>>> print(open('work_36.txt').read())   # compact mmCIF, N, CA and C atoms
# COMPACT_ATOMS: atom_id res chain seq x y z
N MET A 1 0.84 -1.20 0.00
CA MET A 1 0.00 0.00 0.00
C MET A 1 0.87 1.24 0.00
N LEU A 2 0.49 2.21 -0.78
CA LEU A 2 1.20 3.48 -0.75
C LEU A 2 0.85 4.21 0.55
N LYS A 3 1.85 4.88 1.09
CA LYS A 3 1.64 5.56 2.37
C LYS A 3 0.81 6.83 2.18
N GLU A 4 -0.02 7.09 3.18
CA GLU A 4 -0.81 8.32 3.18
C GLU A 4 0.16 9.50 3.30
N GLY A 5 -0.10 10.55 2.54
CA GLY A 5 0.79 11.71 2.57
C GLY A 5 1.84 11.68 1.48
N THR A 6 1.90 10.58 0.70
CA THR A 6 2.85 10.54 -0.42
C THR A 6 2.12 10.92 -1.72
N ARG A 7 2.91 11.23 -2.74
CA ARG A 7 2.31 11.65 -4.01
C ARG A 7 1.78 10.45 -4.78
N ALA A 8 0.60 10.57 -5.35
CA ALA A 8 0.03 9.48 -6.15
C ALA A 8 0.85 9.34 -7.43
N PRO A 9 1.28 8.11 -7.76
CA PRO A 9 2.09 7.93 -8.98
C PRO A 9 1.29 8.28 -10.24
N ASP A 10 1.98 8.88 -11.21
CA ASP A 10 1.35 9.18 -12.50
C ASP A 10 1.02 7.88 -13.23
N PHE A 11 -0.02 7.91 -14.00
CA PHE A 11 -0.33 6.76 -14.86
C PHE A 11 -1.08 7.27 -16.08
N THR A 12 -1.02 6.51 -17.14
CA THR A 12 -1.90 6.70 -18.29
C THR A 12 -2.38 5.32 -18.68
N LEU A 13 -3.68 5.12 -18.59
CA LEU A 13 -4.27 3.81 -18.89
C LEU A 13 -5.45 4.02 -19.82
N LYS A 14 -5.84 2.98 -20.55
CA LYS A 14 -7.04 3.04 -21.38
C LYS A 14 -8.26 2.75 -20.52
N ASN A 15 -9.33 3.51 -20.77
CA ASN A 15 -10.59 3.16 -20.12
C ASN A 15 -11.31 2.10 -20.97
N GLN A 16 -12.54 1.78 -20.58
CA GLN A 16 -13.27 0.70 -21.27
C GLN A 16 -13.62 1.06 -22.71
N HIS A 17 -13.47 2.35 -23.07
CA HIS A 17 -13.75 2.76 -24.45
C HIS A 17 -12.46 2.93 -25.26
N GLY A 18 -11.33 2.54 -24.66
CA GLY A 18 -10.06 2.61 -25.36
C GLY A 18 -9.46 4.01 -25.35
N GLU A 19 -10.01 4.92 -24.52
CA GLU A 19 -9.47 6.28 -24.43
C GLU A 19 -8.44 6.38 -23.32
N ASP A 20 -7.40 7.17 -23.56
CA ASP A 20 -6.37 7.36 -22.53
C ASP A 20 -6.93 8.15 -21.35
N VAL A 21 -6.62 7.67 -20.16
CA VAL A 21 -6.99 8.37 -18.93
C VAL A 21 -5.71 8.51 -18.11
N ALA A 22 -5.38 9.74 -17.73
CA ALA A 22 -4.17 9.97 -16.95
C ALA A 22 -4.54 10.62 -15.62
N LEU A 23 -3.71 10.41 -14.64
CA LEU A 23 -3.94 11.01 -13.32
C LEU A 23 -4.11 12.53 -13.45
N GLY A 24 -3.26 13.14 -14.28
CA GLY A 24 -3.27 14.60 -14.44
C GLY A 24 -4.56 15.16 -15.01
N ASP A 25 -5.38 14.28 -15.63
CA ASP A 25 -6.67 14.74 -16.18
C ASP A 25 -7.59 15.25 -15.08
N PHE A 26 -7.32 14.82 -13.84
CA PHE A 26 -8.27 15.10 -12.74
C PHE A 26 -7.70 16.07 -11.73
N SER A 27 -6.68 16.80 -12.13
CA SER A 27 -6.08 17.78 -11.25
C SER A 27 -7.17 18.73 -10.75
N GLY A 28 -7.20 18.97 -9.44
CA GLY A 28 -8.22 19.84 -8.86
C GLY A 28 -9.47 19.10 -8.43
N LYS A 29 -9.48 17.78 -8.63
CA LYS A 29 -10.65 16.99 -8.22
C LYS A 29 -10.24 15.87 -7.27
N TRP A 30 -11.16 15.50 -6.41
CA TRP A 30 -10.96 14.32 -5.57
C TRP A 30 -11.12 13.08 -6.44
N ILE A 31 -10.27 12.09 -6.19
CA ILE A 31 -10.35 10.82 -6.92
C ILE A 31 -10.45 9.68 -5.92
N ALA A 32 -11.40 8.81 -6.13
CA ALA A 32 -11.42 7.53 -5.40
C ALA A 32 -11.03 6.47 -6.42
N MET A 33 -9.90 5.81 -6.17
CA MET A 33 -9.41 4.79 -7.10
C MET A 33 -9.55 3.41 -6.47
N PHE A 34 -10.36 2.58 -7.12
CA PHE A 34 -10.62 1.24 -6.60
C PHE A 34 -9.89 0.21 -7.46
N TRP A 35 -9.09 -0.63 -6.87
CA TRP A 35 -8.53 -1.78 -7.58
C TRP A 35 -9.40 -2.98 -7.25
N TYR A 36 -9.73 -3.75 -8.24
CA TYR A 36 -10.57 -4.93 -8.00
C TYR A 36 -9.98 -6.12 -8.73
N PRO A 37 -10.24 -7.31 -8.23
CA PRO A 37 -9.54 -8.50 -8.72
C PRO A 37 -9.77 -8.82 -10.19
N LYS A 38 -11.00 -8.70 -10.65
CA LYS A 38 -11.30 -9.21 -11.99
C LYS A 38 -12.60 -8.60 -12.46
N ALA A 39 -12.65 -8.16 -13.73
CA ALA A 39 -13.93 -7.73 -14.29
C ALA A 39 -14.87 -8.91 -14.18
N ALA A 40 -16.06 -8.69 -13.71
CA ALA A 40 -17.05 -9.76 -13.50
C ALA A 40 -17.11 -10.20 -12.06
N THR A 41 -16.30 -9.59 -11.18
CA THR A 41 -16.50 -9.80 -9.75
C THR A 41 -17.03 -8.49 -9.18
N PRO A 42 -17.87 -8.55 -8.16
CA PRO A 42 -18.44 -7.32 -7.64
C PRO A 42 -17.46 -6.47 -6.84
N GLY A 43 -16.25 -6.88 -6.70
CA GLY A 43 -15.30 -6.02 -6.02
C GLY A 43 -14.76 -6.71 -4.80
N MET B 1 -14.42 12.12 -8.71
CA MET B 1 -14.19 11.21 -9.82
C MET B 1 -13.90 9.81 -9.28
N ILE B 2 -14.59 8.83 -9.82
CA ILE B 2 -14.38 7.45 -9.38
C ILE B 2 -13.71 6.68 -10.51
N LEU B 3 -12.60 6.04 -10.19
CA LEU B 3 -11.88 5.23 -11.16
C LEU B 3 -11.78 3.80 -10.63
N GLY B 4 -12.18 2.85 -11.45
CA GLY B 4 -11.94 1.45 -11.13
C GLY B 4 -10.75 0.98 -11.94
N ALA B 5 -9.97 0.06 -11.42
CA ALA B 5 -8.82 -0.44 -12.18
C ALA B 5 -8.60 -1.91 -11.88
N SER B 6 -8.20 -2.64 -12.92
CA SER B 6 -7.83 -4.05 -12.74
C SER B 6 -6.85 -4.41 -13.84
N PHE B 7 -6.43 -5.66 -13.86
CA PHE B 7 -5.47 -6.10 -14.87
C PHE B 7 -6.16 -6.65 -16.11
N ASP B 8 -7.44 -6.40 -16.23
CA ASP B 8 -8.19 -6.87 -17.39
C ASP B 8 -7.91 -6.01 -18.63
N THR B 9 -8.34 -6.52 -19.78
CA THR B 9 -8.15 -5.78 -21.03
C THR B 9 -9.29 -4.77 -21.22
N VAL B 10 -9.12 -3.87 -22.19
CA VAL B 10 -10.15 -2.88 -22.53
C VAL B 10 -11.47 -3.60 -22.84
N GLU B 11 -11.40 -4.68 -23.60
CA GLU B 11 -12.61 -5.40 -24.01
C GLU B 11 -13.32 -6.00 -22.78
N GLU B 12 -12.55 -6.56 -21.88
CA GLU B 12 -13.16 -7.14 -20.67
C GLU B 12 -13.78 -6.06 -19.79
N GLN B 13 -13.11 -4.91 -19.73
CA GLN B 13 -13.65 -3.81 -18.92
C GLN B 13 -14.95 -3.28 -19.53
N LEU B 14 -14.99 -3.21 -20.86
CA LEU B 14 -16.21 -2.73 -21.52
C LEU B 14 -17.37 -3.67 -21.24
N ALA B 15 -17.12 -4.97 -21.36
CA ALA B 15 -18.18 -5.95 -21.10
C ALA B 15 -18.67 -5.85 -19.66
N PHE B 16 -17.74 -5.66 -18.74
CA PHE B 16 -18.06 -5.55 -17.31
C PHE B 16 -18.88 -4.29 -17.05
N ALA B 17 -18.43 -3.16 -17.61
CA ALA B 17 -19.12 -1.88 -17.40
C ALA B 17 -20.54 -1.94 -17.96
N GLU B 18 -20.70 -2.56 -19.13
CA GLU B 18 -22.03 -2.63 -19.75
C GLU B 18 -22.93 -3.58 -18.97
N ASP B 19 -22.36 -4.69 -18.54
CA ASP B 19 -23.12 -5.68 -17.80
C ASP B 19 -23.65 -5.10 -16.48
N GLN B 20 -22.81 -4.29 -15.82
CA GLN B 20 -23.17 -3.76 -14.50
C GLN B 20 -23.75 -2.35 -14.59
N SER B 21 -23.80 -1.78 -15.81
CA SER B 21 -24.23 -0.39 -16.00
C SER B 21 -23.42 0.58 -15.13
N PHE B 22 -22.13 0.36 -15.04
CA PHE B 22 -21.28 1.27 -14.26
C PHE B 22 -21.13 2.58 -15.00
N PRO B 23 -21.34 3.70 -14.30
CA PRO B 23 -21.21 5.00 -14.97
C PRO B 23 -19.78 5.52 -14.94
N TYR B 24 -18.86 4.84 -14.28
CA TYR B 24 -17.52 5.41 -14.13
C TYR B 24 -16.48 4.67 -14.96
N ALA B 25 -15.32 5.28 -15.04
CA ALA B 25 -14.24 4.74 -15.88
C ALA B 25 -13.65 3.48 -15.26
N LEU B 26 -13.47 2.47 -16.10
CA LEU B 26 -12.77 1.25 -15.67
C LEU B 26 -11.46 1.20 -16.46
N LEU B 27 -10.37 1.22 -15.75
CA LEU B 27 -9.06 1.31 -16.39
C LEU B 27 -8.47 -0.08 -16.59
N ALA B 28 -7.91 -0.28 -17.78
CA ALA B 28 -7.34 -1.58 -18.14
C ALA B 28 -5.83 -1.53 -17.98
N ASP B 29 -5.33 -2.18 -16.94
CA ASP B 29 -3.89 -2.19 -16.68
C ASP B 29 -3.35 -3.60 -16.92
N SER B 30 -3.50 -4.08 -18.16
CA SER B 30 -3.09 -5.47 -18.41
C SER B 30 -1.57 -5.64 -18.33
N SER B 31 -0.81 -4.55 -18.44
CA SER B 31 0.66 -4.66 -18.28
C SER B 31 1.06 -4.66 -16.79
N LYS B 32 0.11 -4.32 -15.92
CA LYS B 32 0.32 -4.24 -14.46
C LYS B 32 1.31 -3.15 -14.05
N GLU B 33 1.59 -2.25 -14.98
CA GLU B 33 2.57 -1.20 -14.68
C GLU B 33 2.05 -0.24 -13.60
N ALA B 34 0.82 0.23 -13.79
CA ALA B 34 0.23 1.11 -12.77
C ALA B 34 -0.03 0.31 -11.50
N GLY B 35 -0.39 -0.94 -11.65
CA GLY B 35 -0.62 -1.81 -10.49
C GLY B 35 0.62 -1.93 -9.62
N GLU B 36 1.77 -2.01 -10.28
CA GLU B 36 3.04 -2.05 -9.53
C GLU B 36 3.23 -0.73 -8.80
N ALA B 37 3.02 0.37 -9.51
CA ALA B 37 3.24 1.69 -8.92
C ALA B 37 2.32 1.93 -7.72
N TYR B 38 1.11 1.40 -7.81
CA TYR B 38 0.13 1.58 -6.73
C TYR B 38 0.12 0.42 -5.73
N GLN B 39 1.09 -0.47 -5.88
CA GLN B 39 1.24 -1.62 -4.97
C GLN B 39 -0.04 -2.46 -4.90
N ALA B 40 -0.66 -2.61 -6.06
CA ALA B 40 -1.87 -3.42 -6.15
C ALA B 40 -1.55 -4.86 -6.57
N VAL B 41 -0.29 -5.14 -6.90
CA VAL B 41 0.09 -6.50 -7.30
C VAL B 41 0.26 -7.35 -6.04
N ARG B 42 -0.29 -8.55 -6.07
CA ARG B 42 -0.16 -9.44 -4.90
C ARG B 42 1.23 -10.05 -4.84
N THR B 43 1.87 -9.92 -3.71
CA THR B 43 3.20 -10.49 -3.49
C THR B 43 3.05 -11.97 -3.10
N PRO B 44 4.15 -12.77 -3.21
CA PRO B 44 4.03 -14.21 -2.98
C PRO B 44 3.48 -14.61 -1.61
N ASP B 45 3.58 -13.72 -0.63
CA ASP B 45 3.06 -14.05 0.70
C ASP B 45 1.56 -13.82 0.81
N MET B 46 0.94 -13.30 -0.25
CA MET B 46 -0.50 -12.97 -0.17
C MET B 46 -1.35 -14.07 -0.79
N LYS B 47 -2.56 -14.17 -0.24
CA LYS B 47 -3.55 -15.08 -0.78
C LYS B 47 -3.82 -14.74 -2.25
N TYR B 48 -4.04 -15.76 -3.06
CA TYR B 48 -4.38 -15.61 -4.49
C TYR B 48 -3.25 -14.98 -5.32
N HIS B 49 -2.04 -15.01 -4.77
CA HIS B 49 -0.90 -14.48 -5.52
C HIS B 49 -0.80 -15.12 -6.90
N GLU B 50 -0.98 -16.46 -6.93
CA GLU B 50 -0.78 -17.21 -8.18
C GLU B 50 -1.86 -16.88 -9.22
N ALA B 51 -2.97 -16.27 -8.79
CA ALA B 51 -4.04 -15.94 -9.74
C ALA B 51 -3.68 -14.70 -10.58
N GLY B 52 -2.68 -13.94 -10.14
CA GLY B 52 -2.26 -12.78 -10.91
C GLY B 52 -3.31 -11.69 -10.98
N ILE B 53 -4.08 -11.54 -9.92
CA ILE B 53 -5.13 -10.52 -9.88
C ILE B 53 -4.74 -9.43 -8.88
N PRO B 54 -5.27 -8.22 -9.06
CA PRO B 54 -4.93 -7.15 -8.12
C PRO B 54 -5.46 -7.40 -6.71
N ARG B 55 -4.84 -6.75 -5.75
CA ARG B 55 -5.37 -6.71 -4.39
C ARG B 55 -6.64 -5.87 -4.39
N ARG B 56 -7.48 -6.08 -3.39
CA ARG B 56 -8.67 -5.23 -3.24
C ARG B 56 -8.28 -4.03 -2.39
N ILE B 57 -7.70 -3.05 -3.04
CA ILE B 57 -7.28 -1.86 -2.31
C ILE B 57 -7.85 -0.62 -2.99
N SER B 58 -7.93 0.45 -2.23
CA SER B 58 -8.44 1.72 -2.77
C SER B 58 -7.60 2.85 -2.24
N TYR B 59 -7.60 3.91 -3.00
CA TYR B 59 -6.91 5.12 -2.55
C TYR B 59 -7.83 6.31 -2.73
N LEU B 60 -7.76 7.20 -1.75
CA LEU B 60 -8.41 8.50 -1.91
C LEU B 60 -7.30 9.49 -2.24
N ILE B 61 -7.42 10.15 -3.39
CA ILE B 61 -6.38 11.06 -3.88
C ILE B 61 -6.93 12.48 -3.85
N SER B 62 -6.18 13.39 -3.24
CA SER B 62 -6.65 14.77 -3.07
C SER B 62 -6.53 15.55 -4.38
N PRO B 63 -7.17 16.73 -4.44
CA PRO B 63 -7.12 17.53 -5.67
C PRO B 63 -5.70 17.92 -6.08
N ASP B 64 -4.75 17.91 -5.14
CA ASP B 64 -3.36 18.22 -5.51
C ASP B 64 -2.51 16.96 -5.69
N GLY B 65 -3.18 15.81 -5.86
CA GLY B 65 -2.46 14.60 -6.27
C GLY B 65 -1.77 13.82 -5.16
N MET B 66 -2.21 14.01 -3.92
CA MET B 66 -1.60 13.28 -2.81
C MET B 66 -2.51 12.14 -2.36
N ILE B 67 -1.87 11.05 -1.89
CA ILE B 67 -2.63 9.95 -1.28
C ILE B 67 -3.08 10.41 0.10
N VAL B 68 -4.38 10.58 0.27
CA VAL B 68 -4.91 11.04 1.55
C VAL B 68 -5.26 9.85 2.43
N LYS B 69 -5.71 8.79 1.79
CA LYS B 69 -6.15 7.63 2.55
C LYS B 69 -5.97 6.37 1.71
N SER B 70 -5.50 5.31 2.36
CA SER B 70 -5.34 4.00 1.71
C SER B 70 -6.26 3.01 2.39
N TYR B 71 -6.87 2.15 1.62
CA TYR B 71 -7.80 1.17 2.18
C TYR B 71 -7.42 -0.22 1.67
N ASP B 72 -7.39 -1.19 2.55
CA ASP B 72 -7.13 -2.57 2.16
C ASP B 72 -8.36 -3.40 2.51
N LEU B 73 -9.19 -3.68 1.51
CA LEU B 73 -10.44 -4.39 1.77
C LEU B 73 -10.20 -5.87 2.06
N ASP B 74 -9.05 -6.39 1.63
CA ASP B 74 -8.74 -7.78 1.97
C ASP B 74 -8.51 -7.91 3.48
N VAL B 75 -8.00 -6.84 4.09
CA VAL B 75 -7.74 -6.86 5.53
C VAL B 75 -8.98 -6.45 6.31
N SER B 76 -9.63 -5.34 5.88
CA SER B 76 -10.78 -4.84 6.65
C SER B 76 -11.98 -5.76 6.50
N GLY B 77 -12.07 -6.48 5.36
CA GLY B 77 -13.21 -7.34 5.12
C GLY B 77 -14.49 -6.58 4.79
N ASP B 78 -14.38 -5.24 4.65
CA ASP B 78 -15.56 -4.44 4.31
C ASP B 78 -16.12 -4.86 2.96
N ASP B 79 -17.42 -4.85 2.83
CA ASP B 79 -17.96 -5.03 1.49
C ASP B 79 -17.97 -3.65 0.82
N LEU B 80 -18.31 -3.64 -0.46
CA LEU B 80 -18.13 -2.43 -1.24
C LEU B 80 -19.03 -1.29 -0.75
N ALA B 81 -20.22 -1.62 -0.29
CA ALA B 81 -21.14 -0.59 0.18
C ALA B 81 -20.59 0.09 1.43
N GLU B 82 -20.11 -0.72 2.38
CA GLU B 82 -19.51 -0.15 3.60
C GLU B 82 -18.31 0.71 3.23
N HIS B 83 -17.54 0.17 2.29
CA HIS B 83 -16.33 0.86 1.89
C HIS B 83 -16.65 2.21 1.25
N ALA B 84 -17.63 2.23 0.35
CA ALA B 84 -18.00 3.47 -0.34
C ALA B 84 -18.42 4.53 0.67
N SER B 85 -19.17 4.12 1.72
CA SER B 85 -19.59 5.11 2.73
C SER B 85 -18.39 5.68 3.46
N SER B 86 -17.39 4.84 3.79
CA SER B 86 -16.26 5.40 4.53
C SER B 86 -15.41 6.32 3.65
N VAL B 87 -15.34 6.02 2.34
CA VAL B 87 -14.61 6.92 1.44
C VAL B 87 -15.32 8.27 1.35
N LEU B 88 -16.64 8.24 1.22
CA LEU B 88 -17.40 9.49 1.14
C LEU B 88 -17.27 10.31 2.42
N ALA B 89 -17.31 9.62 3.56
CA ALA B 89 -17.18 10.31 4.84
C ALA B 89 -15.80 10.98 4.92
N GLU B 90 -14.80 10.30 4.42
CA GLU B 90 -13.44 10.84 4.45
C GLU B 90 -13.34 12.09 3.56
N ILE B 91 -13.96 12.07 2.39
CA ILE B 91 -13.92 13.25 1.52
C ILE B 91 -14.62 14.42 2.22
N GLN B 92 -15.77 14.13 2.84
CA GLN B 92 -16.52 15.21 3.51
C GLN B 92 -15.72 15.80 4.66
N SER B 93 -14.96 14.95 5.37
CA SER B 93 -14.19 15.47 6.50
C SER B 93 -12.99 16.28 6.02
N ASN B 94 -12.64 16.18 4.76
CA ASN B 94 -11.49 16.91 4.21
C ASN B 94 -11.90 18.14 3.41
N THR B 95 -13.19 18.37 3.27
CA THR B 95 -13.60 19.51 2.42
C THR B 95 -14.48 20.47 3.20
>>> encode(input="work_36.txt", output="structure tokens")
Amino acid sequence: MLKEGTRAPDFTLKNQHGEDVALGDFSGKWIAMFWYPKAATPG
Amino acid sequence: MILGASFDTVEEQLAFAEDQSFPYALLADSSKEAGEAYQAVRTPDMKYHEAGIPRRISYLISPDGMIVKSYDLDVSGDDLAEHASSVLAEIQSNT
């Protein structure tokens, strides 16, 4: 787990529509980032 | 902004989002590069390591890009509804 108070690592990933999504796209907004085991599991 | 992420492909994420009618972005990290950076990869001492699936962890990231809160659902045992409420409460206490 990343420690609280550290900087969130940059990333650029494709969303489900194949569009690039980067951490910097949300500058100025709160982000809740959920990692989940597998698409098709409820989390 | 709510972001979901797993090691699935774009196609698998699309099928999942449509099946569940999720309104938020599901990120496809099939290279596990972001998963490594966010320590979402299961290490050999963890349950289900051999399955090659991410840990059930979440992060609350502030508007200036800092990790404000880390959550490990494998440890807390919270279900997603309980978890969502505690994340919302945390945002409210910070704004």
>>> interface_residues(input="work_36.txt", of="chain A", to="chain B", cutoff="6 Å", atoms="only C-alpha atoms", output="PyMOL selection string")
chain A and resi 1+4-8+13-16+27-37+39-40
>>> select_by_dssp(input="work_36.txt", residues="chain B", states="helix (DSSP H, G or I)", output="NGL selection string")
:B and (10-20 or 33-37 or 49-51 or 73-76 or 80-94)
>>> select_by_dssp(input="work_36.txt", residues="chain A", states="strand (DSSP E)", output="MDAnalysis selection string")
chainID A and resid 12:14 20:22 31:35
>>> atom_distance(input="work_36.txt", atom1="atom N of Pro9 of chain A", atom2="atom CA of Ala22 of chain A")
10.8 Å
>>> atom_distance(input="work_36.txt", atom1="atom N of Asp78 of chain B", atom2="atom CA of Phe11 of chain A")
26.9 Å
>>> axis_aligned_box(input="work_36.txt", around="segment 5-21 of chain A", padding_each_side="3 Å", output="AutoDock Vina command-line options")
--center_x -5.4 --center_y 6.2 --center_z -11.4 --size_x 22.7 --size_y 17.0 --size_z 33.9
>>> atom_distance(input="work_36.txt", atom1="atom CA of Lys47 of chain B", atom2="atom CA of Lys3 of chain A")
21.5 Å
>>> decode(input="work_36.txt", residues="chain A", atoms="C-alpha atoms", output="PDB file, in the first residue's frame")
ATOM      1  CA  MET A   1       0.000   0.000   0.000  1.00  0.00           C
ATOM      2  CA  LEU A   2       1.201   3.483  -0.750  1.00  0.00           C
ATOM      3  CA  LYS A   3       1.639   5.564   2.374  1.00  0.00           C
ATOM      4  CA  GLU A   4      -0.807   8.323   3.180  1.00  0.00           C
ATOM      5  CA  GLY A   5       0.788  11.711   2.569  1.00  0.00           C
ATOM      6  CA  THR A   6       2.848  10.537  -0.425  1.00  0.00           C
ATOM      7  CA  ARG A   7       2.312  11.651  -4.006  1.00  0.00           C
ATOM      8  CA  ALA A   8       0.031   9.484  -6.155  1.00  0.00           C
ATOM      9  CA  PRO A   9       2.086   7.929  -8.982  1.00  0.00           C
ATOM     10  CA  ASP A  10       1.351   9.176 -12.498  1.00  0.00           C
ATOM     11  CA  PHE A  11      -0.332   6.764 -14.859  1.00  0.00           C
ATOM     12  CA  THR A  12      -1.898   6.703 -18.290  1.00  0.00           C
ATOM     13  CA  LEU A  13      -4.271   3.811 -18.891  1.00  0.00           C
ATOM     14  CA  LYS A  14      -7.039   3.038 -21.385  1.00  0.00           C
ATOM     15  CA  ASN A  15     -10.592   3.155 -20.119  1.00  0.00           C
ATOM     16  CA  GLN A  16     -13.267   0.702 -21.272  1.00  0.00           C
ATOM     17  CA  HIS A  17     -13.746   2.762 -24.446  1.00  0.00           C
ATOM     18  CA  GLY A  18     -10.060   2.611 -25.362  1.00  0.00           C
ATOM     19  CA  GLU A  19      -9.474   6.283 -24.433  1.00  0.00           C
ATOM     20  CA  ASP A  20      -6.367   7.364 -22.531  1.00  0.00           C
ATOM     21  CA  VAL A  21      -6.986   8.368 -18.930  1.00  0.00           C
ATOM     22  CA  ALA A  22      -4.171   9.971 -16.946  1.00  0.00           C
ATOM     23  CA  LEU A  23      -3.945  11.012 -13.324  1.00  0.00           C
ATOM     24  CA  GLY A  24      -3.269  14.601 -14.435  1.00  0.00           C
ATOM     25  CA  ASP A  25      -6.665  14.741 -16.176  1.00  0.00           C
ATOM     26  CA  PHE A  26      -8.268  15.099 -12.743  1.00  0.00           C
ATOM     27  CA  SER A  27      -6.084  17.783 -11.251  1.00  0.00           C
ATOM     28  CA  GLY A  28      -8.217  19.838  -8.861  1.00  0.00           C
ATOM     29  CA  LYS A  29     -10.650  16.991  -8.221  1.00  0.00           C
ATOM     30  CA  TRP A  30     -10.960  14.317  -5.574  1.00  0.00           C
ATOM     31  CA  ILE A  31     -10.354  10.823  -6.922  1.00  0.00           C
ATOM     32  CA  ALA A  32     -11.417   7.530  -5.403  1.00  0.00           C
ATOM     33  CA  MET A  33      -9.410   4.787  -7.102  1.00  0.00           C
ATOM     34  CA  PHE A  34     -10.619   1.236  -6.602  1.00  0.00           C
ATOM     35  CA  TRP A  35      -8.528  -1.779  -7.579  1.00  0.00           C
ATOM     36  CA  TYR A  36     -10.571  -4.928  -7.996  1.00  0.00           C
ATOM     37  CA  PRO A  37      -9.538  -8.501  -8.722  1.00  0.00           C
ATOM     38  CA  LYS A  38     -11.302  -9.206 -11.989  1.00  0.00           C
ATOM     39  CA  ALA A  39     -13.926  -7.726 -14.287  1.00  0.00           C
ATOM     40  CA  ALA A  40     -17.054  -9.755 -13.501  1.00  0.00           C
ATOM     41  CA  THR A  41     -16.501  -9.801  -9.749  1.00  0.00           C
ATOM     42  CA  PRO A  42     -18.442  -7.316  -7.642  1.00  0.00           C
ATOM     43  CA  GLY A  43     -15.295  -6.023  -6.019  1.00  0.00           C
TER      44      GLY A  43
END
